[in-house]
Structures are given as structure tokens and as C-alpha cells.
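Trainee: Got a structure for you, questions after.
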Amino acid sequence: MRNLMGKSGMSKWMLMVSMAVMVFAAGCGNQAKESGKAATSGNAAAAAPSADVPAPPAAVKERGKLVVGVKNDYPPLGYLDENGKNAGYEIGVVKKMAEYAFGDANAVEFVPVNATNRIPYLDSNKIDFIAATLGVTEERKKQLDFSTNFFDGGVVTVVKKDSSIKTIPDLAGKTVIVIKGSTGSTYLDENVPTAKQIKIESNADAFRALKDGRADAMFHDAVLMSEFVKTSTDYTIVGDQVAFAPMALGVRKGEPEMLNFVNGALEQMRKEDYFKTLIEEYLPQAGDLDPMQMIPRP
């Protein structure tokens, strides 16, 4: 049968098919682009700062991240995990605040501090605020502004299981390890002044000193010491939990915008019951202590 189209007709037909394919492909491409835009727009909305929390100060907002003083040696509140990443209850609080402020939980720079240098770091503007096991005391109120409380804890006595020390008064005349600048140290100054305090800056050094037999006891935070006796089974907690100090974030005096942001973020976490989420992750149990009684709830 003869080809009725001829060479010229065939060429025109091929050209039309090619153009149709190009138009179809372009349409698909545009559709994909629009879908991509929609997905990107959806992600941007999901990552938007929280409208329920006051914005941080303008300078912090422009910087695009929080700079916060935290503990690296205080499990389960603030420590470095097996990958060298900041982890813990307080770290979770700060990351949530970054999420509220910037839509990104990782928009934060963690600066390691200890009980001695955390307030000087704040005063010298090295950090925006303190999230480092900061107990609320009248003396510290003269130095900084506290946020609302987001954790409550006390101090306990840890000794070898065969120790004759059974109560806090038994620490009289004994050598006791404390953390320099801690509420435990202040408590002993006021209530057991004859206790011979060895004041150490870091928890790691304090635990090492205790295990090396440099003291009769260690007098420190109940949550941390409960974690310690879980792994150091020849030690035990004795006596009462004392020196209860609500824990809060520390903000420089004269910075109402920062304090407003911090308090707004903590209140939003309370409404969302987010503190419970963090406790379940980092502190499911602590000896005989009930962690759920240590946090604000809705």
C-alpha cells in the first residue's frame, strides 16, 4: 500500500508529536514545582516561631539563635551523651525555647558552665541566660532575675553502705564533699558548721574524690545522687532530703524582654505538659523520689 503522507507529511507529524511531548513535560514540571512550593510552604508554616510565646529581644532574634550556659556533667539534667551532644532535661527545655523563638530546636549555642562561673558568664554577656541547675536563693536574687520555676529538688547525703553516718547531724566533725557555690554547701554552713567541707567545682572531680576516699560523705543534689548510687552500688543515700530549692533560669537584671520571653516559653511548656515529656525521657525514676512531683503540670 502506498504511503499517502509522504516525507513532508511525516516530518510535520513528527514535529507535532515532539511539541506535544515538550508541552506535557513542561506542564508536569510546573506541577512538580507548584507541589514543591506547597510542600516548602507547609514546612515553613510548621517551623514558624510560636505565636503563643513572646519574641526574644531584637538583638537575639536578629542573631538567629540562643546562647545559653548549661551543665555538661550533671545527668540527667544537663550532660554530654555518648556522641558528645548536649542532652538532658534542661537541654530539652532550652531546645523547646529555641523552637518557640525561631521555629528550629537546634537554633541554640550551648556554652558549658559550672556553679562558679555561670553568673560571671551571664554578667559579662557571654550567654543570654543560665540553664544550669540554678537553684533560687535570696542571695542570687541580688545578682540576677529568676524565671518562674521549672523544676524542684533538694540535697541528700551519700555515704558508703557500711558508714556510721545515718543522718545529717552525723556530718558534724566529718569531712564532706560539696560542690563549690552550691545550695548544699550553704546549707552545711548554716546548719552543720563543724562539717569540714571539701569544695570542688565539677561533679566528675567530686565523684572521683568520694571514690578515692578523700571524704566521709558527699552532700549534693538529690536527683544527681540518685543517679550516682544506681551505678555505684557500694554507696547509699541516708537521712532526709533538705535544702529544697526550686530551679529556674537566670536572666541578667534590667532585661525585661528576655525575662518575658523566658517566662512565656516556660508557661507554654507547662500548658503543653512538655515537662512531663522530658521527665519521662530523662528521669523515669530517681531512687525513692517521684520525679512528677518536681515539675510544673497543667
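Residues are referred to by chain and number: the chain letter is A, B, ... according to the order shown in the C-alpha cells, the number counts from 1 in that chain, and ligands are numbered separately from 1 in the order shown.
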Just the alpha helix (DSSP H) stuff from region 97-251 of chain A, please, per backbone DSSP, written as number ranges by chain.

Mentor: A: 97-102, 118-123, 138-141, 183-191, 203-211, 222-231

Trainee: Counting only C-alpha atoms, what are the residues of region 139-223 of chain A within 9 Å of region 231-237 of chain A, and for each of them which pair of atoms is the nearest and at what distance in Å, to one decimal? Sort the table by chain and rising number, as a Markdown table.

Mentor:
```
| residue | atom | partner | partner_atom | distance |
| --- | --- | --- | --- | --- |
| A:Val156 | CA | A:Ile237 | CA | 6.7 |
| A:Thr157 | CA | A:Ile237 | CA | 5.6 |
| A:Val158 | CA | A:Ile237 | CA | 4.6 |
| A:Val159 | CA | A:Tyr235 | CA | 5.5 |
| A:Lys160 | CA | A:Tyr235 | CA | 4.4 |
| A:Lys161 | CA | A:Tyr235 | CA | 5.2 |
| A:Asp162 | CA | A:Tyr235 | CA | 8.6 |
| A:Lys166 | CA | A:Ile237 | CA | 8.9 |
| A:Ala222 | CA | A:Ile237 | CA | 8.9 |
```

Trainee: Just to be explicit: take each residue in the selection above, keep C-alpha atoms, and write the result as a PDB file, in the first residue's frame.

Mentor:
```pdb
ATOM      1  CA  VAL A 156      20.861  14.443 100.161  1.00  0.00           C
ATOM      2  CA  THR A 157      23.766  12.714 101.886  1.00  0.00           C
ATOM      3  CA  VAL A 158      25.616   9.877 100.168  1.00  0.00           C
ATOM      4  CA  VAL A 159      27.943   7.548 102.087  1.00  0.00           C
ATOM      5  CA  LYS A 160      29.433   4.077 101.847  1.00  0.00           C
ATOM      6  CA  LYS A 161      26.897   1.437 102.837  1.00  0.00           C
ATOM      7  CA  ASP A 162      28.905   0.484 105.932  1.00  0.00           C
ATOM      8  CA  LYS A 166      22.877   7.885 109.149  1.00  0.00           C
ATOM      9  CA  ALA A 222      19.103  14.531  95.226  1.00  0.00           C
TER      10      ALA A 222
END
```

Trainee: For region 261-269 of chain A, please output as a short mmCIF file (atom, residue, chain, number, x, y, z; two decimals) with N, CA, C and O atoms, in the first residue's frame all residues within 10 Å (counting only C-alpha atoms; exclusion window: fewer than 4 positions along the same chain).

Mentor:
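Contents of selection-v9.cif, freshly written:
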```
data_model
loop_
_atom_site.label_atom_id
_atom_site.label_comp_id
_atom_site.auth_asym_id
_atom_site.auth_seq_id
_atom_site.Cartn_x
_atom_site.Cartn_y
_atom_site.Cartn_z
N SER A 50 6.59 30.33 67.49
CA SER A 50 5.29 30.22 68.16
C SER A 50 4.69 31.59 68.40
O SER A 50 5.34 32.49 68.95
N ASP A 52 2.30 31.98 70.40
CA ASP A 52 1.82 31.95 71.79
C ASP A 52 2.89 32.36 72.80
O ASP A 52 2.62 32.45 73.99
N VAL A 53 4.12 32.58 72.32
CA VAL A 53 5.24 32.92 73.20
C VAL A 53 5.82 34.26 72.77
O VAL A 53 6.05 34.49 71.57
N PRO A 54 6.07 35.17 73.71
CA PRO A 54 6.68 36.46 73.35
C PRO A 54 8.02 36.25 72.65
O PRO A 54 8.75 35.31 72.94
N ALA A 55 8.34 37.14 71.71
CA ALA A 55 9.61 37.04 70.99
C ALA A 55 10.77 37.41 71.92
O ALA A 55 10.60 38.20 72.86
N PRO A 56 11.95 36.84 71.68
CA PRO A 56 13.12 37.25 72.45
C PRO A 56 13.54 38.66 72.06
O PRO A 56 13.00 39.22 71.09
N PRO A 57 14.49 39.28 72.76
CA PRO A 57 14.95 40.62 72.39
C PRO A 57 15.38 40.70 70.93
O PRO A 57 15.82 39.71 70.34
N VAL A 93 14.54 21.66 77.63
CA VAL A 93 13.81 22.91 77.87
C VAL A 93 14.34 24.01 76.95
O VAL A 93 13.58 24.74 76.30
N VAL A 94 15.67 24.13 76.86
CA VAL A 94 16.27 25.18 76.04
C VAL A 94 15.97 24.96 74.56
O VAL A 94 15.68 25.91 73.82
N LYS A 96 13.39 23.54 73.29
CA LYS A 96 11.98 23.91 73.06
C LYS A 96 11.85 25.42 72.98
O LYS A 96 11.07 25.94 72.16
N MET A 97 12.61 26.14 73.77
CA MET A 97 12.58 27.60 73.72
C MET A 97 13.09 28.11 72.37
O MET A 97 12.54 29.06 71.81
N ALA A 98 14.13 27.46 71.84
CA ALA A 98 14.65 27.83 70.52
C ALA A 98 13.60 27.57 69.44
O ALA A 98 13.45 28.34 68.49
N GLU A 99 12.87 26.48 69.60
CA GLU A 99 11.80 26.16 68.66
C GLU A 99 10.71 27.23 68.69
O GLU A 99 10.21 27.66 67.65
N TYR A 100 10.33 27.66 69.91
CA TYR A 100 9.35 28.71 70.03
C TYR A 100 9.84 30.01 69.38
O TYR A 100 9.07 30.73 68.73
N ALA A 101 11.12 30.33 69.58
CA ALA A 101 11.67 31.61 69.13
C ALA A 101 11.95 31.65 67.64
O ALA A 101 11.70 32.67 66.97
N PHE A 129 21.24 33.62 78.90
CA PHE A 129 20.69 33.27 80.21
C PHE A 129 21.30 31.95 80.68
O PHE A 129 22.00 31.27 79.92
N PHE A 146 15.34 35.79 88.24
CA PHE A 146 14.96 34.39 88.03
C PHE A 146 13.69 34.31 87.20
O PHE A 146 12.79 35.14 87.32
N SER A 147 13.62 33.27 86.39
CA SER A 147 12.38 32.95 85.71
C SER A 147 11.43 32.28 86.70
O SER A 147 11.76 32.10 87.87
N THR A 148 10.27 31.91 86.22
CA THR A 148 9.40 31.05 87.02
C THR A 148 10.08 29.69 87.17
O THR A 148 10.95 29.31 86.37
N ASN A 149 9.69 28.95 88.18
CA ASN A 149 10.34 27.66 88.47
C ASN A 149 9.92 26.60 87.45
O ASN A 149 8.78 26.56 87.01
N PHE A 150 10.89 25.75 87.07
CA PHE A 150 10.54 24.65 86.16
C PHE A 150 11.04 23.30 86.67
O PHE A 150 10.90 22.29 85.98
N ALA A 248 15.36 27.40 88.44
CA ALA A 248 14.85 28.34 87.45
C ALA A 248 15.96 28.72 86.49
O ALA A 248 17.11 28.32 86.64
N LEU A 249 15.60 29.50 85.49
CA LEU A 249 16.58 30.07 84.57
C LEU A 249 17.01 31.43 85.09
O LEU A 249 16.22 32.14 85.72
N GLY A 250 18.26 31.78 84.85
CA GLY A 250 18.79 33.05 85.33
C GLY A 250 18.98 34.04 84.19
O GLY A 250 19.65 33.73 83.20
N VAL A 251 18.41 35.23 84.34
CA VAL A 251 18.47 36.28 83.32
C VAL A 251 19.14 37.52 83.91
O VAL A 251 18.97 37.81 85.10
N PRO A 256 14.01 43.11 80.67
CA PRO A 256 12.62 42.62 80.78
C PRO A 256 12.15 41.84 79.57
O PRO A 256 11.33 40.93 79.70
N GLU A 257 12.65 42.18 78.37
CA GLU A 257 12.23 41.44 77.18
C GLU A 257 12.68 39.99 77.23
O GLU A 257 11.93 39.08 76.88
N ASP A 273 2.19 20.44 78.84
CA ASP A 273 2.68 19.33 79.66
C ASP A 273 4.00 18.77 79.10
O ASP A 273 4.27 17.57 79.16
N TYR A 274 4.80 19.68 78.58
CA TYR A 274 6.07 19.27 77.96
C TYR A 274 7.11 18.84 79.00
O TYR A 274 7.95 17.99 78.72
N PHE A 275 7.03 19.40 80.20
CA PHE A 275 7.97 18.99 81.25
C PHE A 275 7.80 17.50 81.56
O PHE A 275 8.77 16.80 81.84
N LYS A 276 6.57 17.03 81.52
CA LYS A 276 6.29 15.61 81.74
C LYS A 276 6.98 14.76 80.66
O LYS A 276 7.56 13.72 80.96
N THR A 277 6.91 15.23 79.43
CA THR A 277 7.56 14.52 78.32
C THR A 277 9.06 14.39 78.57
O THR A 277 9.65 13.32 78.36
N PRO A 296 6.34 21.51 87.00
CA PRO A 296 5.03 22.16 86.84
C PRO A 296 4.15 21.34 85.90
O PRO A 296 4.64 20.83 84.89
N ARG A 297 2.87 21.22 86.21
CA ARG A 297 1.93 20.48 85.38
C ARG A 297 0.72 21.38 85.07
O ARG A 297 0.46 22.35 85.78
N PRO A 298 0.00 21.08 84.00
CA PRO A 298 -1.19 21.90 83.66
C PRO A 298 -2.22 21.87 84.78
O PRO A 298 -2.30 20.92 85.53
#
```

Trainee: Extract the full set of strand (DSSP E or B) residues from region 125-261 of chain A according to DSSP on the backbone, and format it as an MDAnalysis selection string.

Mentor: chainID A and resid 129:131 135 145:146 151:160 175:179 196:200 217:221 235:247 250:251

Trainee: Those selected residues, please, written with N, CA and C atoms and delivered as a CSV table (one decimal), in the first residue's frame.

Mentor:
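Final file, result-v3.csv:
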```
chain,number,residue,atom,x,y,z
A,129,PHE,N,21.2,33.6,78.9
A,129,PHE,CA,20.7,33.3,80.2
A,129,PHE,C,21.3,31.9,80.7
A,130,ILE,N,21.0,31.6,81.9
A,130,ILE,CA,21.6,30.4,82.6
A,130,ILE,C,20.5,29.3,82.6
A,131,ALA,N,20.9,28.1,82.2
A,131,ALA,CA,20.0,26.9,82.3
A,131,ALA,C,20.9,25.8,82.9
A,135,GLY,N,19.6,26.9,91.4
A,135,GLY,CA,18.6,27.0,92.5
A,135,GLY,C,18.3,28.4,92.8
A,145,ASP,N,17.9,38.1,87.7
A,145,ASP,CA,16.5,37.9,87.8
A,145,ASP,C,16.2,36.4,87.4
A,146,PHE,N,15.3,35.8,88.2
A,146,PHE,CA,15.0,34.4,88.0
A,146,PHE,C,13.7,34.3,87.2
A,151,PHE,N,11.6,23.3,87.9
A,151,PHE,CA,12.0,22.0,88.5
A,151,PHE,C,12.2,22.3,90.0
A,152,ASP,N,11.9,21.3,90.8
A,152,ASP,CA,12.2,21.4,92.3
A,152,ASP,C,13.1,20.2,92.7
A,153,GLY,N,14.0,20.5,93.5
A,153,GLY,CA,14.9,19.4,94.0
A,153,GLY,C,15.6,19.9,95.3
A,154,GLY,N,16.0,18.9,96.1
A,154,GLY,CA,16.7,19.1,97.3
A,154,GLY,C,18.1,18.5,97.3
A,155,VAL,N,18.7,18.4,98.5
A,155,VAL,CA,20.0,17.9,98.7
A,155,VAL,C,20.0,16.7,99.6
A,156,VAL,N,20.8,15.7,99.3
A,156,VAL,CA,20.9,14.4,100.2
A,156,VAL,C,22.3,14.1,100.5
A,157,THR,N,22.5,13.2,101.4
A,157,THR,CA,23.8,12.7,101.9
A,157,THR,C,24.0,11.3,101.3
A,158,VAL,N,25.2,11.2,100.7
A,158,VAL,CA,25.6,9.9,100.2
A,158,VAL,C,26.9,9.4,100.9
A,159,VAL,N,26.8,8.1,101.3
A,159,VAL,CA,27.9,7.5,102.1
A,159,VAL,C,28.1,6.1,101.6
A,160,LYS,N,29.3,5.5,102.1
A,160,LYS,CA,29.4,4.1,101.8
A,160,LYS,C,28.4,3.3,102.7
A,175,THR,N,34.4,14.9,107.3
A,175,THR,CA,34.8,15.6,106.0
A,175,THR,C,33.7,15.3,105.0
A,176,VAL,N,33.2,16.3,104.3
A,176,VAL,CA,32.1,16.2,103.4
A,176,VAL,C,32.5,16.9,102.1
A,177,ILE,N,32.2,16.2,101.0
A,177,ILE,CA,32.4,16.8,99.7
A,177,ILE,C,31.2,17.5,99.3
A,178,VAL,N,31.3,18.8,98.8
A,178,VAL,CA,30.2,19.6,98.3
A,178,VAL,C,30.7,20.2,97.0
A,179,ILE,N,29.8,20.7,96.2
A,179,ILE,CA,30.1,21.5,95.0
A,179,ILE,C,30.2,23.0,95.4
A,196,LYS,N,33.6,19.5,107.9
A,196,LYS,CA,34.7,20.0,107.1
A,196,LYS,C,34.5,19.8,105.6
A,197,GLN,N,34.2,20.9,105.0
A,197,GLN,CA,33.8,20.9,103.6
A,197,GLN,C,35.0,20.9,102.6
A,198,ILE,N,35.0,19.9,101.7
A,198,ILE,CA,35.9,19.9,100.6
A,198,ILE,C,35.1,20.5,99.4
A,199,LYS,N,35.4,21.7,99.0
A,199,LYS,CA,34.6,22.3,97.9
A,199,LYS,C,35.2,22.1,96.6
A,200,ILE,N,34.5,21.4,95.7
A,200,ILE,CA,35.0,21.0,94.4
A,200,ILE,C,34.1,21.6,93.3
A,217,ALA,N,31.6,11.6,103.3
A,217,ALA,CA,30.3,11.7,102.7
A,217,ALA,C,30.3,12.7,101.6
A,218,MET,N,29.3,12.7,100.8
A,218,MET,CA,29.1,13.7,99.8
A,218,MET,C,27.7,14.3,100.0
A,219,PHE,N,27.5,15.6,99.9
A,219,PHE,CA,26.3,16.3,100.2
A,219,PHE,C,25.9,17.1,99.0
A,220,HIS,N,24.9,16.6,98.2
A,220,HIS,CA,24.7,17.2,96.9
A,220,HIS,C,23.3,16.9,96.4
A,221,ASP,N,23.0,17.4,95.2
A,221,ASP,CA,21.6,17.3,94.6
A,221,ASP,C,21.0,15.9,94.6
A,235,TYR,N,27.5,2.5,97.5
A,235,TYR,CA,27.1,3.8,98.2
A,235,TYR,C,25.6,3.8,98.3
A,236,THR,N,25.2,4.6,99.3
A,236,THR,CA,23.7,4.7,99.5
A,236,THR,C,23.4,6.1,100.0
A,237,ILE,N,22.1,6.5,99.9
A,237,ILE,CA,21.6,7.7,100.4
A,237,ILE,C,21.0,7.5,101.8
A,238,VAL,N,21.4,8.4,102.7
A,238,VAL,CA,20.9,8.3,104.1
A,238,VAL,C,20.3,9.7,104.5
A,239,GLY,N,19.5,9.6,105.5
A,239,GLY,CA,18.9,10.8,106.0
A,239,GLY,C,17.8,11.4,105.2
A,240,ASP,N,17.5,12.6,105.5
A,240,ASP,CA,16.4,13.4,104.8
A,240,ASP,C,16.9,14.1,103.6
A,241,GLN,N,16.0,14.5,102.7
A,241,GLN,CA,16.2,15.4,101.7
A,241,GLN,C,16.0,16.8,102.2
A,242,VAL,N,16.9,17.7,102.1
A,242,VAL,CA,16.8,19.0,102.7
A,242,VAL,C,17.2,20.1,101.6
A,243,ALA,N,17.2,21.3,102.1
A,243,ALA,CA,17.7,22.4,101.3
A,243,ALA,C,16.9,22.5,99.9
A,244,PHE,N,15.6,22.3,100.0
A,244,PHE,CA,14.8,22.3,98.8
A,244,PHE,C,14.9,23.7,98.2
A,245,ALA,N,15.3,23.7,96.9
A,245,ALA,CA,15.4,24.9,96.2
A,245,ALA,C,14.8,24.8,94.8
A,246,PRO,N,13.8,25.5,94.5
A,246,PRO,CA,13.2,25.5,93.2
A,246,PRO,C,14.3,25.9,92.2
A,247,MET,N,14.2,25.3,91.0
A,247,MET,CA,15.2,25.6,90.0
A,247,MET,C,14.6,26.4,88.9
A,250,GLY,N,18.3,31.8,84.9
A,250,GLY,CA,18.8,33.0,85.3
A,250,GLY,C,19.0,34.0,84.2
A,251,VAL,N,18.4,35.2,84.3
A,251,VAL,CA,18.5,36.3,83.3
A,251,VAL,C,19.1,37.5,83.9
```

Trainee: Quick one: everything within 8 Å of region 72-85 of chain A, counting only C-alpha atoms, minus sequence neighbours fewer than 6 positions away in the same chain. Send it as a VMD selection string.

Mentor: chain A and resid 91 112 to 113 132 to 133 202 to 204 223 to 224 227 282 to 283

Trainee: Output N, CA and C atoms of each residue in that selection to a file, as a PDB file, in the first residue's frame.

Mentor:
```
ATOM      1  N   ILE A  91      18.454  20.704  78.833  1.00  0.00           N
ATOM      2  CA  ILE A  91      18.769  20.878  77.413  1.00  0.00           C
ATOM      3  C   ILE A  91      17.484  20.821  76.592  1.00  0.00           C
ATOM      4  N   PRO A 112      29.283  25.567  77.995  1.00  0.00           N
ATOM      5  CA  PRO A 112      29.439  24.844  79.263  1.00  0.00           C
ATOM      6  C   PRO A 112      29.828  25.789  80.399  1.00  0.00           C
ATOM      7  N   VAL A 113      29.120  25.661  81.519  1.00  0.00           N
ATOM      8  CA  VAL A 113      29.404  26.461  82.709  1.00  0.00           C
ATOM      9  C   VAL A 113      29.376  25.559  83.936  1.00  0.00           C
ATOM     10  N   ALA A 132      21.409  26.011  84.082  1.00  0.00           N
ATOM     11  CA  ALA A 132      22.467  25.147  84.600  1.00  0.00           C
ATOM     12  C   ALA A 132      22.234  24.820  86.066  1.00  0.00           C
ATOM     13  N   THR A 133      21.174  24.052  86.346  1.00  0.00           N
ATOM     14  CA  THR A 133      20.831  23.608  87.698  1.00  0.00           C
ATOM     15  C   THR A 133      20.898  24.765  88.692  1.00  0.00           C
ATOM     16  N   SER A 202      33.645  20.676  89.895  1.00  0.00           N
ATOM     17  CA  SER A 202      32.930  19.820  88.940  1.00  0.00           C
ATOM     18  C   SER A 202      32.408  18.556  89.605  1.00  0.00           C
ATOM     19  N   ASN A 203      31.300  18.048  89.084  1.00  0.00           N
ATOM     20  CA  ASN A 203      30.727  16.816  89.616  1.00  0.00           C
ATOM     21  C   ASN A 203      31.664  15.628  89.397  1.00  0.00           C
ATOM     22  N   ALA A 204      32.294  15.575  88.240  1.00  0.00           N
ATOM     23  CA  ALA A 204      33.190  14.462  87.939  1.00  0.00           C
ATOM     24  C   ALA A 204      34.326  14.393  88.952  1.00  0.00           C
ATOM     25  N   VAL A 223      18.610  14.442  92.846  1.00  0.00           N
ATOM     26  CA  VAL A 223      18.435  13.751  91.565  1.00  0.00           C
ATOM     27  C   VAL A 223      19.757  13.192  91.070  1.00  0.00           C
ATOM     28  N   LEU A 224      20.795  14.014  91.107  1.00  0.00           N
ATOM     29  CA  LEU A 224      22.110  13.572  90.633  1.00  0.00           C
ATOM     30  C   LEU A 224      22.645  12.425  91.482  1.00  0.00           C
ATOM     31  N   GLU A 227      21.049   9.112  90.731  1.00  0.00           N
ATOM     32  CA  GLU A 227      21.649   8.501  89.550  1.00  0.00           C
ATOM     33  C   GLU A 227      22.989   7.858  89.902  1.00  0.00           C
ATOM     34  N   TYR A 282      14.142  11.538  80.415  1.00  0.00           N
ATOM     35  CA  TYR A 282      15.435  11.644  81.082  1.00  0.00           C
ATOM     36  C   TYR A 282      15.446  11.210  82.547  1.00  0.00           C
ATOM     37  N   LEU A 283      14.284  11.169  83.171  1.00  0.00           N
ATOM     38  CA  LEU A 283      14.268  10.851  84.597  1.00  0.00           C
ATOM     39  C   LEU A 283      13.049  10.011  84.945  1.00  0.00           C
TER      40      LEU A 283
END
```

Trainee: Between A:Asn114, A:Met258, A:Arg208, A:Leu134, which residue has the minimum interatomic distance to Leu66 (chain A), considering only C-alpha atoms?

Mentor: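 Answer, going by the shortest atom-to-atom distance: A:Met258.
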
Trainee: Using Å and a single decimal, report how far CA of Asn86 (chain A) sits from CA of Glu280 (chain A).

Mentor: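 Spanning CA of Glu280 (chain A) to CA of Asn86 (chain A) is a straight-line distance of 17.5 Å.
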